[in-house]
file data.csv (CSV, C-alpha atoms and all ligand atoms)
chain,number,residue,atom,x,y,z
J,1,MET,CA,6.9,-1.8,18.3
J,2,HIS,CA,5.6,-2.1,21.9
J,3,GLY,CA,2.2,-0.5,22.4
J,4,ILE,CA,1.2,-0.4,18.8
J,5,THR,CA,-2.1,-2.0,17.6
J,6,VAL,CA,-2.7,-2.6,13.9
J,7,ARG,CA,-6.3,-3.0,13.0
J,8,LYS,CA,-8.8,-2.5,10.2
J,9,GLU,CA,-10.0,1.1,9.7
J,10,ILE,CA,-13.4,2.1,10.9
J,11,VAL,CA,-15.5,5.0,9.7
J,12,GLU,CA,-14.5,7.1,12.8
J,13,ASP,CA,-10.8,6.9,11.8
J,14,VAL,CA,-11.2,8.7,8.4
J,15,LYS,CA,-10.3,12.2,9.6
J,16,ALA,CA,-7.3,10.9,11.6
J,17,ILE,CA,-6.1,8.9,8.6
J,18,ASP,CA,-6.3,12.1,6.5
J,19,VAL,CA,-4.1,13.9,9.1
J,20,VAL,CA,-1.5,11.1,9.0
J,21,HIS,CA,-1.2,11.3,5.2
J,22,MET,CA,-1.2,15.1,5.2
J,23,SER,CA,1.6,15.3,7.7
J,24,ALA,CA,3.7,12.5,6.2
J,25,PHE,CA,3.4,13.6,2.6
J,26,GLU,CA,3.1,17.3,3.3
J,27,GLY,CA,0.1,17.7,1.0
J,28,GLU,CA,-3.4,16.5,0.3
J,29,GLN,CA,-2.9,14.4,-2.9
J,30,GLU,CA,-2.9,11.1,-1.0
J,31,VAL,CA,-6.0,12.0,1.0
J,32,GLY,CA,-7.8,12.6,-2.3
J,33,LEU,CA,-6.5,9.2,-3.6
J,34,ILE,CA,-7.7,7.3,-0.6
J,35,ASP,CA,-11.1,9.1,-0.7
J,36,SER,CA,-11.7,8.2,-4.3
J,37,LEU,CA,-10.4,4.6,-3.8
J,38,ARG,CA,-12.8,4.2,-0.8
J,39,ASN,CA,-15.7,5.0,-3.1
J,40,SER,CA,-14.6,2.6,-5.9
J,41,SER,CA,-14.8,-1.1,-6.6
J,42,ALA,CA,-11.0,-1.3,-6.0
J,43,PHE,CA,-11.5,-0.8,-2.3
J,44,ILE,CA,-11.4,-3.7,0.1
J,45,PRO,CA,-12.3,-2.6,3.7
J,46,ASP,CA,-10.2,-5.3,5.4
J,47,LEU,CA,-7.1,-4.0,3.6
J,48,SER,CA,-7.2,-0.5,4.9
J,49,LEU,CA,-5.3,-0.8,8.2
J,50,VAL,CA,-4.4,1.7,10.9
J,51,ALA,CA,-1.7,1.7,13.5
J,52,GLU,CA,-2.8,3.0,16.8
J,53,PHE,CA,-0.5,4.2,19.6
J,54,LYS,CA,-1.9,5.5,22.9
J,55,GLN,CA,-5.4,5.7,21.3
J,56,ARG,CA,-4.1,7.9,18.5
J,57,ILE,CA,-3.9,6.9,14.8
J,58,VAL,CA,-0.2,7.2,13.9
J,59,GLY,CA,-0.1,5.2,10.7
J,60,HIS,CA,-2.2,3.9,7.8
J,61,ILE,CA,-1.7,1.5,4.9
J,62,LEU,CA,-4.0,0.8,2.0
J,63,LEU,CA,-4.0,-2.2,-0.4
J,64,SER,CA,-6.5,-2.0,-3.2
J,65,LYS,CA,-7.3,-3.8,-6.4
J,66,VAL,CA,-5.3,-3.2,-9.7
J,67,THR,CA,-5.4,-5.2,-12.9
J,68,LEU,CA,-2.6,-7.5,-14.0
J,69,GLN,CA,-2.7,-8.2,-17.8
J,70,ASN,CA,-0.6,-11.2,-18.9
J,71,GLY,CA,-1.2,-11.6,-22.7
J,72,ALA,CA,-4.9,-12.2,-23.1
J,73,ASN,CA,-5.4,-12.9,-19.4
J,74,SER,CA,-6.6,-10.3,-16.9
J,75,THR,CA,-6.5,-10.8,-13.1
J,76,ASP,CA,-7.1,-8.6,-10.1
J,77,ILE,CA,-4.0,-8.3,-7.9
J,78,LEU,CA,-3.3,-5.8,-5.1
J,79,ALA,CA,-1.4,-2.5,-5.0
J,80,LEU,CA,0.1,-1.2,-1.8
J,81,ALA,CA,-0.4,2.5,-1.8
J,82,PRO,CA,-0.4,4.8,0.0
J,83,MET,CA,1.2,4.2,3.3
J,84,ALA,CA,2.2,6.8,5.9
J,85,VAL,CA,3.4,7.2,9.4
J,86,VAL,CA,3.3,10.5,11.2
J,87,PRO,CA,6.7,12.1,11.2
J,88,SER,CA,6.9,12.3,15.0
J,89,GLN,CA,6.6,8.4,15.2
J,90,SER,CA,8.7,7.4,12.2
J,91,HIS,CA,11.8,5.1,12.3
J,92,ARG,CA,10.3,3.1,15.1
J,93,GLY,CA,9.1,0.1,13.1
J,94,ILE,CA,5.4,1.2,12.7
J,95,GLY,CA,5.7,1.3,8.9
J,96,SER,CA,7.2,-2.2,9.0
J,97,GLU,CA,4.3,-3.5,11.2
J,98,LEU,CA,1.8,-2.1,8.8
J,99,VAL,CA,3.4,-3.8,5.8
J,100,THR,CA,3.7,-7.1,7.6
J,101,ALA,CA,0.1,-7.0,8.8
J,102,SER,CA,-1.3,-6.0,5.4
J,103,VAL,CA,0.5,-8.9,3.7
J,104,ASP,CA,-0.9,-11.3,6.3
J,105,VAL,CA,-4.4,-10.0,5.6
J,106,ALA,CA,-3.8,-10.1,1.8
J,107,ARG,CA,-2.8,-13.8,2.1
J,108,LYS,CA,-6.3,-14.6,3.5
J,109,TYR,CA,-7.8,-13.3,0.3
J,110,ASP,CA,-7.6,-15.0,-3.1
J,111,PHE,CA,-5.1,-12.5,-4.6
J,112,GLY,CA,-2.0,-13.7,-6.3
J,113,ALA,CA,0.4,-10.8,-5.8
J,114,ILE,CA,1.0,-7.3,-4.4
J,115,VAL,CA,2.7,-4.6,-6.3
J,116,VAL,CA,4.1,-1.3,-4.8
J,117,VAL,CA,5.5,1.9,-6.3
J,118,GLY,CA,8.0,3.2,-3.7
J,119,GLN,CA,11.6,3.0,-2.3
J,120,PRO,CA,12.7,-0.6,-3.2
J,121,ASP,CA,15.1,-0.7,-0.3
J,122,PHE,CA,12.3,-0.4,2.2
J,123,TYR,CA,9.9,-3.0,0.6
J,124,GLN,CA,12.6,-5.6,-0.3
J,125,LYS,CA,13.0,-6.2,3.5
J,126,PHE,CA,9.5,-7.8,3.4
J,127,GLY,CA,10.1,-10.0,0.4
J,128,PHE,CA,9.2,-7.6,-2.4
J,129,GLU,CA,11.4,-8.1,-5.5
J,130,ALA,CA,12.2,-5.8,-8.4
J,131,ALA,CA,9.6,-5.6,-11.2
J,132,LYS,CA,12.3,-6.7,-13.7
J,133,THR,CA,12.2,-10.2,-12.1
J,134,TRP,CA,8.9,-10.7,-13.9
J,135,ASN,CA,9.4,-8.0,-16.7
J,136,LEU,CA,6.5,-6.1,-15.1
J,137,GLN,CA,5.4,-2.7,-16.6
J,138,CYS,CA,2.7,-0.4,-15.4
J,139,ASN,CA,0.6,2.4,-16.7
J,140,LEU,CA,1.9,5.0,-14.3
J,141,PRO,CA,4.6,7.5,-15.3
J,142,VAL,CA,7.2,6.2,-12.9
J,143,SER,CA,10.6,4.6,-13.3
J,144,ASN,CA,10.4,0.8,-13.4
J,145,ASP,CA,13.2,0.8,-10.8
J,146,MET,CA,10.6,2.1,-8.3
J,147,ILE,CA,8.3,-0.9,-8.8
J,148,THR,CA,8.6,-4.0,-6.6
J,149,ALA,CA,6.2,-6.9,-6.2
J,150,MET,CA,5.5,-10.0,-4.1
J,151,GLU,CA,3.8,-13.1,-5.3
J,152,LEU,CA,1.3,-14.6,-2.9
J,153,LYS,CA,0.7,-17.4,-5.3
J,154,PRO,CA,3.8,-18.7,-7.1
J,155,GLY,CA,3.7,-18.0,-10.8
J,156,CYS,CA,0.9,-15.4,-10.6
J,157,LEU,CA,3.0,-12.6,-12.1
J,158,GLY,CA,4.1,-14.6,-15.1
J,159,SER,CA,6.9,-13.4,-17.2
J,160,GLU,CA,5.6,-10.2,-19.0
J,161,GLY,CA,2.8,-8.6,-17.0
J,162,HIS,CA,1.3,-5.1,-17.4
J,163,ILE,CA,-0.2,-3.6,-14.3
J,164,ILE,CA,-3.1,-1.2,-14.8
J,165,PHE,CA,-3.7,1.2,-11.9
J,166,PRO,CA,-7.1,2.7,-11.9
J,167,SER,CA,-7.3,6.4,-12.9
J,168,HIS,CA,-7.6,7.5,-9.2
J,169,PHE,CA,-3.8,7.1,-9.0
J,170,GLU,CA,-3.3,9.8,-11.7
J,171,ARG,CA,-3.7,12.5,-9.1
J,172,VAL,CA,-0.6,11.2,-7.3
J,173,TYR,CA,1.8,10.1,-10.0
U,201,LIG,C1,7.8,5.3,4.6
U,201,LIG,C2,7.2,5.4,6.0
U,201,LIG,C3,5.8,4.9,6.0
U,201,LIG,C4,8.1,4.4,6.9
U,201,LIG,O1,7.4,4.4,8.2
U,201,LIG,P1,8.3,4.1,9.5
U,201,LIG,O2,7.4,3.8,10.6
U,201,LIG,O3,9.3,5.1,9.7
U,201,LIG,O4,9.0,2.7,9.0
U,201,LIG,P2,9.9,1.8,9.9
U,201,LIG,O5,10.3,2.5,11.1
U,201,LIG,O6,9.3,0.5,9.9
U,201,LIG,O7,11.2,1.7,8.9
U,201,LIG,C5,12.0,2.8,8.7
U,201,LIG,C6,12.6,2.7,7.4
U,201,LIG,O8,11.8,3.2,6.4
U,201,LIG,C7,12.6,3.6,5.3
U,201,LIG,N1,12.1,5.0,5.0
U,201,LIG,C8,12.1,6.1,5.7
U,201,LIG,N2,11.5,7.1,5.0
U,201,LIG,C9,11.1,6.6,3.9
U,201,LIG,C10,10.5,7.1,2.7
U,201,LIG,N3,10.1,8.4,2.6
U,201,LIG,N4,10.2,6.3,1.7
U,201,LIG,C11,10.5,5.0,1.8
U,201,LIG,N5,11.1,4.4,2.8
U,201,LIG,C12,11.5,5.2,3.8
U,201,LIG,C13,14.0,3.6,5.7
U,201,LIG,O9,14.6,2.5,5.2
U,201,LIG,C14,13.9,3.5,7.2
U,201,LIG,O10,15.0,2.9,7.8
U,201,LIG,P3,15.7,3.6,9.0
U,201,LIG,O11,14.8,3.8,10.1
U,201,LIG,O12,16.8,2.5,9.3
U,201,LIG,O13,16.3,4.8,8.5
U,201,LIG,C15,7.3,6.8,6.6
U,201,LIG,O14,8.6,7.2,6.6
U,201,LIG,C16,6.4,7.8,5.8
U,201,LIG,O15,5.3,8.0,6.1
U,201,LIG,N6,7.1,8.5,4.9
U,201,LIG,C17,6.4,9.5,4.1
U,201,LIG,C18,5.3,8.9,3.2
U,201,LIG,C19,5.9,7.9,2.3
U,201,LIG,O16,6.9,8.1,1.6
U,201,LIG,N7,5.2,6.7,2.2
U,201,LIG,C20,5.7,5.6,1.4
U,201,LIG,C21,5.3,5.7,0.0
U,201,LIG,S1,3.6,5.3,-0.3

call {"tool": "encode", "arguments": {"input": "data.csv", "output": "C-alpha cells", "more": "lines below"}}
Ligand SMILES: CC(C)(COP(=O)(O)OP(=O)(O)OC[C@H]1O[C@@H](n2cnc3c(N)ncnc32)[C@H](O)[C@@H]1OP(=O)(O)O)[C@@H](O)C(=O)NCCC(=O)NCCS
result
Amino acid sequence: MHGITVRKEIVEDVKAIDVVHMSAFEGEQEVGLIDSLRNSSAFIPDLSLVAEFKQRIVGHILLSKVTLQNGANSTDILALAPMAVVPSQSHRGIGSELVTASVDVARKYDFGAIVVVGQPDFYQKFGFEAAKTWNLQCNLPVSNDMITAMELKPGCLGSEGHIIFPSHFERVY
C-alpha cells in the first residue's frame, strides 16, 4: 500500500503497538502475550515489525521462537503471532505487507519454518500450507485446521512434527 513503511519496532513504539492490538482484538490478551514474549528468550527483536502510515503505527506483527519436536530431534522454528492492523486501516493490504516483510526477515535467519495459528485462507495467500501436509500437531487447544506452516528450508518440518508453544501463549488460546 502506498505510503506504508514496515520497519523493526523500537522501544518508543511499545505503547502504540499495544493500542493497535487492543483495538484490533478488542481486549488486552495479545498485549500481555507480546509483553511476556518480549521479556523471554523466544523474542527476536528483528522479527517484531511495525507498519507506519503518516507517522502513526497502524499495524504490528511478531514472529518468535517455538520448538519443533520430530521424534528425538528438537529444533527452534518461528511462530507468527500475534498480528494486528487498526480497524480503521484494515482491508488495505497492510496485513499482507507485514506478513511478506516478516517472512523476508525470517529468511535471513537460520530458521527452517514458520507456523501460524489463524485463518488459513489469509495465510495460504503467502505460501503457508495446512498443518496436515506434515502431520503437524501443537500443544495449544486449537483445531488443527487453524494451523498452517511454511518451510524456509525444504524438509524442515518432516512428516510428524509436534510444535511446542511456550507457556506465554496460554493466556491467548
Ligand atoms: C487479520 C488482519 C491483521 C488483516 O489485516 P489487513 O490489513 O486488513 O489485511 P489485508 O488488507 O492485507 O488483507 C485483508 C484480508 O485479511 C483477511 N482478514 C480480514 N480479517 C481477518 C481476520 N480477523 N482474521 C484473519 N484474516 C482476516 C481477509 O481475507 C481480508 O481479505 P479482504 O480484504 O478481501 O476481505 C486484521 O484484519 C486484524 O488485525 N484483525 C484482527 C486481529 C486478528 O485477527 N489477527 C490475526 C490473528 S493473529

call {"tool": "closest_atom_pairs", "arguments": {"input": "data.csv", "of": "chain J", "to": "ligand LIG 201 (chain U)", "cutoff": "6 Å", "atoms": "all atoms listed in the file", "output": "JSON lines"}}
result
{"residue": "J:Ala24", "atom": "CA", "partner": "U:LIG201", "partner_atom": "C17", "distance": 4.5}
{"residue": "J:Phe25", "atom": "CA", "partner": "U:LIG201", "partner_atom": "C18", "distance": 5.1}
{"residue": "J:Ala81", "atom": "CA", "partner": "U:LIG201", "partner_atom": "S1", "distance": 5.1}
{"residue": "J:Pro82", "atom": "CA", "partner": "U:LIG201", "partner_atom": "S1", "distance": 4.0}
{"residue": "J:Met83", "atom": "CA", "partner": "U:LIG201", "partner_atom": "S1", "distance": 4.5}
{"residue": "J:Ala84", "atom": "CA", "partner": "U:LIG201", "partner_atom": "O15", "distance": 3.3}
{"residue": "J:Val85", "atom": "CA", "partner": "U:LIG201", "partner_atom": "O15", "distance": 3.9}
{"residue": "J:Ser90", "atom": "CA", "partner": "U:LIG201", "partner_atom": "O3", "distance": 3.4}
{"residue": "J:His91", "atom": "CA", "partner": "U:LIG201", "partner_atom": "O5", "distance": 3.2}
{"residue": "J:Arg92", "atom": "CA", "partner": "U:LIG201", "partner_atom": "O5", "distance": 4.0}
{"residue": "J:Gly93", "atom": "CA", "partner": "U:LIG201", "partner_atom": "O6", "distance": 3.2}
{"residue": "J:Ile94", "atom": "CA", "partner": "U:LIG201", "partner_atom": "O2", "distance": 3.9}
{"residue": "J:Gly95", "atom": "CA", "partner": "U:LIG201", "partner_atom": "O2", "distance": 3.5}
{"residue": "J:Ser96", "atom": "CA", "partner": "U:LIG201", "partner_atom": "O6", "distance": 3.5}
{"residue": "J:Gly118", "atom": "CA", "partner": "U:LIG201", "partner_atom": "C21", "distance": 5.2}
{"residue": "J:Gln119", "atom": "CA", "partner": "U:LIG201", "partner_atom": "C11", "distance": 4.7}
{"residue": "J:Phe122", "atom": "CA", "partner": "U:LIG201", "partner_atom": "O9", "distance": 4.8}

call {"tool": "write_last_selection", "arguments": {"input": "data.csv", "atoms": "C-alpha atoms", "output": "tab-separated table (two decimals), in the frame of the given file"}}
result
chain	number	residue	atom	x	y	z
J	24	ALA	CA	3.70	12.50	6.20
J	25	PHE	CA	3.40	13.60	2.60
J	81	ALA	CA	-0.40	2.50	-1.80
J	82	PRO	CA	-0.40	4.80	0.00
J	83	MET	CA	1.20	4.20	3.30
J	84	ALA	CA	2.20	6.80	5.90
J	85	VAL	CA	3.40	7.20	9.40
J	90	SER	CA	8.70	7.40	12.20
J	91	HIS	CA	11.80	5.10	12.30
J	92	ARG	CA	10.30	3.10	15.10
J	93	GLY	CA	9.10	0.10	13.10
J	94	ILE	CA	5.40	1.20	12.70
J	95	GLY	CA	5.70	1.30	8.90
J	96	SER	CA	7.20	-2.20	9.00
J	118	GLY	CA	8.00	3.20	-3.70
J	119	GLN	CA	11.60	3.00	-2.30
J	122	PHE	CA	12.30	-0.40	2.20

call {"tool": "atom_distance", "arguments": {"input": "data.csv", "atom1": "atom CA of J:Thr148", "atom2": "atom CA of J:Val117"}}
result
6.7 Å

call {"tool": "atom_distance", "arguments": {"input": "data.csv", "atom1": "atom CA of J:Glu151", "atom2": "atom CA of J:Ile17"}}
result
27.8 Å

call {"tool": "residues_around", "arguments": {"input": "data.csv", "residues": "stretch 37-48 of chain J", "least_positions_apart": "5", "cutoff": "8 Å", "atoms": "only C-alpha atoms", "output": "tab-separated table (two decimals) with C-alpha atoms, in the frame of the given file"}}
result
chain	number	residue	atom	x	y	z
J	8	LYS	CA	-8.80	-2.50	10.20
J	9	GLU	CA	-10.00	1.10	9.70
J	60	HIS	CA	-2.20	3.90	7.80
J	61	ILE	CA	-1.70	1.50	4.90
J	62	LEU	CA	-4.00	0.80	2.00
J	63	LEU	CA	-4.00	-2.20	-0.40
J	64	SER	CA	-6.50	-2.00	-3.20
J	65	LYS	CA	-7.30	-3.80	-6.40
J	66	VAL	CA	-5.30	-3.20	-9.70
J	102	SER	CA	-1.30	-6.00	5.40
J	105	VAL	CA	-4.40	-10.00	5.60
J	106	ALA	CA	-3.80	-10.10	1.80
J	168	HIS	CA	-7.60	7.50	-9.20

call {"tool": "atom_distance", "arguments": {"input": "data.csv", "atom1": "atom CA of J:Asn135", "atom2": "atom CA of J:Glu160"}}
result
5.0 Å

call {"tool": "residues_around", "arguments": {"input": "data.csv", "residues": "J:Ile164", "least_positions_apart": "2", "cutoff": "6 Å", "atoms": "only C-alpha atoms", "output": "PDB file with C-alpha atoms, keeping the file's coordinate frame"}}
result
ATOM      1  CA  VAL J  66      -5.300  -3.200  -9.700  1.00  0.00           C
ATOM      2  CA  THR J  67      -5.400  -5.200 -12.900  1.00  0.00           C
ATOM      3  CA  CYS J 138       2.700  -0.400 -15.400  1.00  0.00           C
ATOM      4  CA  ASN J 139       0.600   2.400 -16.700  1.00  0.00           C
TER       5      ASN J 139
END

call {"tool": "residues_around", "arguments": {"input": "data.csv", "residues": "J:Ala130", "least_positions_apart": "6", "cutoff": "8 Å", "atoms": "only C-alpha atoms", "output": "count of residues only"}}
result
5

call {"tool": "closest_residue", "arguments": {"input": "data.csv", "among": "J:His162, J:Thr100, J:Tyr173, J:Leu49", "to": "J:Ala72", "atoms": "all atoms listed in the file"}}
result
J:His162

call {"tool": "closest_residue", "arguments": {"input": "data.csv", "among": "J:Gly3, J:Arg56, J:Phe169, J:Gln137", "to": "J:Lys15", "atoms": "all atoms listed in the file"}}
result
J:Arg56

call {"tool": "residues_near_point", "arguments": {"input": "data.csv", "point": "(0.2, -9.7, -23.4)", "cutoff": "10 Å", "atoms": "all atoms listed in the file", "output": "PyMOL selection string"}}
result
chain J and resi 69-74+159-162

call {"tool": "closest_residue", "arguments": {"input": "data.csv", "among": "J:Glu26, J:Thr133, J:Phe53, J:Asn144", "to": "J:His2", "atoms": "all atoms listed in the file"}}
result
J:Phe53

call {"tool": "residues_around", "arguments": {"input": "data.csv", "residues": "J:Arg171", "least_positions_apart": "2", "cutoff": "12 Å", "atoms": "only C-alpha atoms", "output": "PyMOL selection string"}}
result
chain J and resi 27-37+140-141+165-169+173

call {"tool": "closest_residue", "arguments": {"input": "data.csv", "among": "J:Met150, J:Leu136, J:Val172, J:Val86", "to": "J:Val50", "atoms": "all atoms listed in the file"}}
result
J:Val86

call {"tool": "build_atoms", "arguments": {"input": "data.csv", "residues": "stretch 77-106 of chain J", "atoms": "N, CA and C atoms", "output": "PDB file, in the coordinates of the input"}}
result
ATOM      1  N   ILE J  77      -5.009  -8.077  -8.931  1.00  0.00           N
ATOM      2  CA  ILE J  77      -4.000  -8.300  -7.900  1.00  0.00           C
ATOM      3  C   ILE J  77      -4.116  -7.042  -6.953  1.00  0.00           C
ATOM      4  N   LEU J  78      -3.187  -6.885  -6.020  1.00  0.00           N
ATOM      5  CA  LEU J  78      -3.300  -5.800  -5.100  1.00  0.00           C
ATOM      6  C   LEU J  78      -2.121  -4.782  -5.285  1.00  0.00           C
ATOM      7  N   ALA J  79      -2.426  -3.513  -5.064  1.00  0.00           N
ATOM      8  CA  ALA J  79      -1.400  -2.500  -5.000  1.00  0.00           C
ATOM      9  C   ALA J  79      -1.311  -1.936  -3.602  1.00  0.00           C
ATOM     10  N   LEU J  80      -0.098  -1.815  -3.099  1.00  0.00           N
ATOM     11  CA  LEU J  80       0.100  -1.200  -1.800  1.00  0.00           C
ATOM     12  C   LEU J  80       0.365   0.266  -1.965  1.00  0.00           C
ATOM     13  N   ALA J  81      -0.623   1.091  -1.644  1.00  0.00           N
ATOM     14  CA  ALA J  81      -0.400   2.500  -1.800  1.00  0.00           C
ATOM     15  C   ALA J  81      -1.733   3.250  -1.374  1.00  0.00           C
ATOM     16  N   PRO J  82      -1.652   4.316  -0.640  1.00  0.00           N
ATOM     17  CA  PRO J  82      -0.400   4.800   0.000  1.00  0.00           C
ATOM     18  C   PRO J  82      -0.226   4.214   1.368  1.00  0.00           C
ATOM     19  N   MET J  83       0.949   4.495   1.901  1.00  0.00           N
ATOM     20  CA  MET J  83       1.200   4.200   3.300  1.00  0.00           C
ATOM     21  C   MET J  83       1.904   5.364   3.933  1.00  0.00           C
ATOM     22  N   ALA J  84       1.596   5.624   5.187  1.00  0.00           N
ATOM     23  CA  ALA J  84       2.200   6.800   5.900  1.00  0.00           C
ATOM     24  C   ALA J  84       2.248   6.544   7.375  1.00  0.00           C
ATOM     25  N   VAL J  85       3.261   7.126   7.981  1.00  0.00           N
ATOM     26  CA  VAL J  85       3.400   7.200   9.400  1.00  0.00           C
ATOM     27  C   VAL J  85       3.653   8.626   9.815  1.00  0.00           C
ATOM     28  N   VAL J  86       3.035   9.109  10.867  1.00  0.00           N
ATOM     29  CA  VAL J  86       3.300  10.500  11.200  1.00  0.00           C
ATOM     30  C   VAL J  86       4.742  10.735  11.532  1.00  0.00           C
ATOM     31  N   PRO J  87       5.291  11.855  11.077  1.00  0.00           N
ATOM     32  CA  PRO J  87       6.700  12.100  11.200  1.00  0.00           C
ATOM     33  C   PRO J  87       7.236  11.929  12.674  1.00  0.00           C
ATOM     34  N   SER J  88       6.423  12.322  13.636  1.00  0.00           N
ATOM     35  CA  SER J  88       6.900  12.300  15.000  1.00  0.00           C
ATOM     36  C   SER J  88       7.083  10.815  15.521  1.00  0.00           C
ATOM     37  N   GLN J  89       6.508   9.845  14.804  1.00  0.00           N
ATOM     38  CA  GLN J  89       6.600   8.400  15.200  1.00  0.00           C
ATOM     39  C   GLN J  89       7.371   7.578  14.209  1.00  0.00           C
ATOM     40  N   SER J  90       8.017   8.223  13.218  1.00  0.00           N
ATOM     41  CA  SER J  90       8.700   7.400  12.200  1.00  0.00           C
ATOM     42  C   SER J  90       9.972   6.810  12.698  1.00  0.00           C
ATOM     43  N   HIS J  91      10.500   5.848  11.944  1.00  0.00           N
ATOM     44  CA  HIS J  91      11.800   5.100  12.300  1.00  0.00           C
ATOM     45  C   HIS J  91      11.650   4.342  13.583  1.00  0.00           C
ATOM     46  N   ARG J  92      10.450   3.951  13.944  1.00  0.00           N
ATOM     47  CA  ARG J  92      10.300   3.100  15.100  1.00  0.00           C
ATOM     48  C   ARG J  92       9.684   1.762  14.816  1.00  0.00           C
ATOM     49  N   GLY J  93       9.579   1.467  13.544  1.00  0.00           N
ATOM     50  CA  GLY J  93       9.100   0.100  13.100  1.00  0.00           C
ATOM     51  C   GLY J  93       7.594   0.093  12.838  1.00  0.00           C
ATOM     52  N   ILE J  94       6.904   1.235  12.911  1.00  0.00           N
ATOM     53  CA  ILE J  94       5.400   1.200  12.700  1.00  0.00           C
ATOM     54  C   ILE J  94       5.129   0.899  11.222  1.00  0.00           C
ATOM     55  N   GLY J  95       5.883   1.538  10.314  1.00  0.00           N
ATOM     56  CA  GLY J  95       5.700   1.300   8.900  1.00  0.00           C
ATOM     57  C   GLY J  95       5.882  -0.223   8.591  1.00  0.00           C
ATOM     58  N   SER J  96       6.902  -0.798   9.194  1.00  0.00           N
ATOM     59  CA  SER J  96       7.200  -2.200   9.000  1.00  0.00           C
ATOM     60  C   SER J  96       6.019  -3.077   9.501  1.00  0.00           C
ATOM     61  N   GLU J  97       5.483  -2.712  10.658  1.00  0.00           N
ATOM     62  CA  GLU J  97       4.300  -3.500  11.200  1.00  0.00           C
ATOM     63  C   GLU J  97       3.136  -3.408  10.279  1.00  0.00           C
ATOM     64  N   LEU J  98       2.933  -2.229   9.694  1.00  0.00           N
ATOM     65  CA  LEU J  98       1.800  -2.100   8.800  1.00  0.00           C
ATOM     66  C   LEU J  98       1.963  -2.933   7.537  1.00  0.00           C
ATOM     67  N   VAL J  99       3.174  -2.957   6.989  1.00  0.00           N
ATOM     68  CA  VAL J  99       3.400  -3.800   5.800  1.00  0.00           C
ATOM     69  C   VAL J  99       3.180  -5.253   6.120  1.00  0.00           C
ATOM     70  N   THR J 100       3.784  -5.716   7.215  1.00  0.00           N
ATOM     71  CA  THR J 100       3.700  -7.100   7.600  1.00  0.00           C
ATOM     72  C   THR J 100       2.214  -7.521   7.821  1.00  0.00           C
ATOM     73  N   ALA J 101       1.496  -6.671   8.547  1.00  0.00           N
ATOM     74  CA  ALA J 101       0.100  -7.000   8.800  1.00  0.00           C
ATOM     75  C   ALA J 101      -0.753  -6.999   7.577  1.00  0.00           C
ATOM     76  N   SER J 102      -0.490  -6.055   6.664  1.00  0.00           N
ATOM     77  CA  SER J 102      -1.300  -6.000   5.400  1.00  0.00           C
ATOM     78  C   SER J 102      -1.018  -7.214   4.555  1.00  0.00           C
ATOM     79  N   VAL J 103       0.227  -7.659   4.507  1.00  0.00           N
ATOM     80  CA  VAL J 103       0.500  -8.900   3.700  1.00  0.00           C
ATOM     81  C   VAL J 103      -0.164 -10.065   4.319  1.00  0.00           C
ATOM     82  N   ASP J 104      -0.193 -10.147   5.650  1.00  0.00           N
ATOM     83  CA  ASP J 104      -0.900 -11.300   6.300  1.00  0.00           C
ATOM     84  C   ASP J 104      -2.376 -11.274   5.937  1.00  0.00           C
ATOM     85  N   VAL J 105      -3.009 -10.095   5.952  1.00  0.00           N
ATOM     86  CA  VAL J 105      -4.400 -10.000   5.600  1.00  0.00           C
ATOM     87  C   VAL J 105      -4.616 -10.398   4.120  1.00  0.00           C
ATOM     88  N   ALA J 106      -3.718  -9.859   3.279  1.00  0.00           N
ATOM     89  CA  ALA J 106      -3.800 -10.100   1.800  1.00  0.00           C
ATOM     90  C   ALA J 106      -3.747 -11.621   1.531  1.00  0.00           C
TER      91      ALA J 106
END
